[in-house]
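J.: One structure coming up, written as structure tokens, with questions to follow.
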Amino acid sequence: MLNRSSYKHYFIMLLPGLVWLFFFNLLPMYGILMSFKDFNPGLGIFKSEWIGFANFEYMFQIDDSKRVFRNTIFIAVLKMIGNLIVPLVFALMLNEVKNRLFTRTVQTIVYLPHFLSWVIVAGIMLDIFSYNGPINQLLMNFGSEPMLFFANEKLFPWMVVLSDVWKEFGFAAIIFFAALTSINPEMYEAAAIDGASQFKRLLSITLPSVLPVAILLGTLSLGNILNAGFDQIFNLYNPAVYSTGDIIDTWVYRAGLLDMQYGLATAVGLLKSVVGLILISISYTLAYRFANYRIF
Amino acid sequence: MIEERSLISKLWNWLNILLIIMLTIVCILPVWYTLVVSISDRSVVAAGEVFLLPKSITLSSYETIMGESQFFKSFFISVQRVVYGSMITFFVVLLMAYPLSKTSKDFKYRNIIMWLLIFCMLFNGGLVPWYMTMKSIGMINNIWGLVLGGGLPVFNVILVMNFFRNLPKEMEESALMDGAGPWRILFGIFLPLSTPVLATVLVFTIVGHWNEFFQALVLMTKNENYPLQSYIRQVTANVDLSKMDAESVKRLTSLSNQTLNAAKIFISMLPLLIIYPFFQKYFVKGITLGSVKG
């Protein structure tokens, strides 16, 4: 129906974005070659010597990489669970309150942490949980020894998960609020007339209507299993907690940009990207098959 | 309205409200604490006496900031970055979303371009290749490295495109009958109807650019080129306390200027704290549109 002369205009409209895409998304992919080369900055990517999969073989031999993969998955999985369940429960709790002014105010406030950067949140957290910060003052009042929360390798991953859930649960609940408001209120009234208690209504009306959304979000989050949150950990960690807190992205940063092991760091990054792509594709396919969810 | 009469259920409701209030307080407590520390006296804070209420209130931290030119330089770089970044994103996303919202029958290259975008959204070369590229195209110590370095915001393009696709077809068809071209349709019809989704994109972009610190850390080799977040990171970074004895930990914490840092942190989060409530109704709608699309 539209004539071909529109094509010219369409391409003009697409041009700025495609140029941006070319220089800042596509061009960097050329650098992937570094993972198959003995990269020498003096020679450049093109002229450096091919070494096949040597970087990858080395990666599987060193203990570092096993550790960072294990840490990444551990932290990411805990976050996935926490960031699904806490927002869901919170949305269900808030849904039971009928005062609009109250719910609106609460919503606005719990969205707040989402808008703070991890630099800021980490700065505040490190302060509050510091050696003579308020939390330790409180602990000392109860007679226990002060703890270095973010310098303790046992506590660190849990502090990471906890602070991430704190930051995101309110914002993540938005999607559940939306699902909850779309429930027809007549269902509740009918159930009440039939003698269903408040708890019974929660169980048989509210929960079944948000469960599909929760399952969908859970499925989509599977693609993030190798994303443990660089911005957060980079700002919270220190060498004392590398054993439990160092993740793929932080390791790649140190190995690649600080220690200049370009080939190795690129190889680890590439492995992460490829696995991530596969996982996301699987999760989106699942979401499409079972929930008819499409992003485009 | 349904009335609950039983005692247990009343008790349960009050407990529920109490829990919600507690969670809400936990969400603002760190922000409040930062404000409290920033306006308290330095020595009182170092002694660990300040938590919920300020003690010996003073604005000296804020006065000190007034004299720190690097703080303002960084603040200005951040503002510049947000302005450039959000304007460019807004127009690029708007322009791209329109042709991509066509069906592949109306625009036969649509699907190829779409797959290219999706691929670039889900896959990247990783940090080191990105850094090498940025270096080779002159983005070191360059504000445009910060503005464009994150790459094309594909997700935003998809968000706006989906919104366009859900607009009634008839409007575009009648405009075509009247002889309107693609530009007229985009700016005259689609743009005014797309406030919710464009406001969502705008607020996400502003927040993203204001809060981003890492690209700047990597691309800026001189501290004077740091945007605000990278600057803040530099002054508050986590030090390895495990290798120190309790005494040196104490000495270190009393040396670092906690109240001044708190004041810097507070100022740097203020702009977003002020704007997000105004955008709330848009991003709530935008998120819902973007993610529950069936």
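To be explicit about the labels: the chains of the structure tokens are called A, B, and onward in the order shown, and within each one the residues are counted from 1, while ligands get numbers from 1 in the order they are shown.
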Residues of chain B within 7 Å of chain A, counting only C-alpha atoms, what are they? List them as JSON, numbers by chain.

T.: {"B": [2, 16, 24, 27, 30, 34, 48, 51, 92, 95, 96, 99, 106, 120, 122, 123, 124, 125, 126, 128, 129, 130, 133, 149, 151, 152, 158, 162, 182, 207, 211, 229, 233, 236, 237, 238, 239, 240, 241, 242, 265, 269, 272, 277, 284, 288, 293, 294]}

J.: For each of A:Met147, A:Leu92, A:Ile215, A:Ile51, take the minimum atom-to-atom distance to Ile17 in chain B, counting only C-alpha atoms, then give the residue where this is smallest.

T.: A:Leu92

J.: Would you mind reading off the distance between CA of Asn55 in chain A and CA of Met132 in chain B, one decimal, in Å?

T.: 18.2 Å

J.: DSSP on the backbone, alpha helix (DSSP H) only: what residues of range 18-180 of chain B does that give? Format it as an NGL selection string.

T.: :B and (18-38 or 42-46 or 60-66 or 69-100 or 110-122 or 127-136 or 143-148 or 154-165 or 169-177)

J.: Would you please extract all strand (DSSP E or B) residues from range 21-231 of chain A, as assigned by DSSP on the backbone, and give them as an MDAnalysis selection string?

T.: chainID A and resid 37:38 49:50

J.: Looking at only C-alpha atoms, which of B:Trp144, B:Leu59, B:Ser69, B:Ser194 is the one that sits closest to Asn166 in chain B?

T.: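 Among the listed residues, B:Ser194 lies closest to Asn166 in chain B.
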
J.: Do you have the CA of Ser40 in chain B-CA of Met66 in chain B distance handy?

T.: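 Atom-to-atom, CA of Ser40 in chain B and CA of Met66 in chain B are spaced 17.2 Å apart.
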
J.: Rounded to one decimal in Å, what is the spacing between CA of Asp259 in chain A and CA of Asp246 in chain A?

T.: 15.6 Å
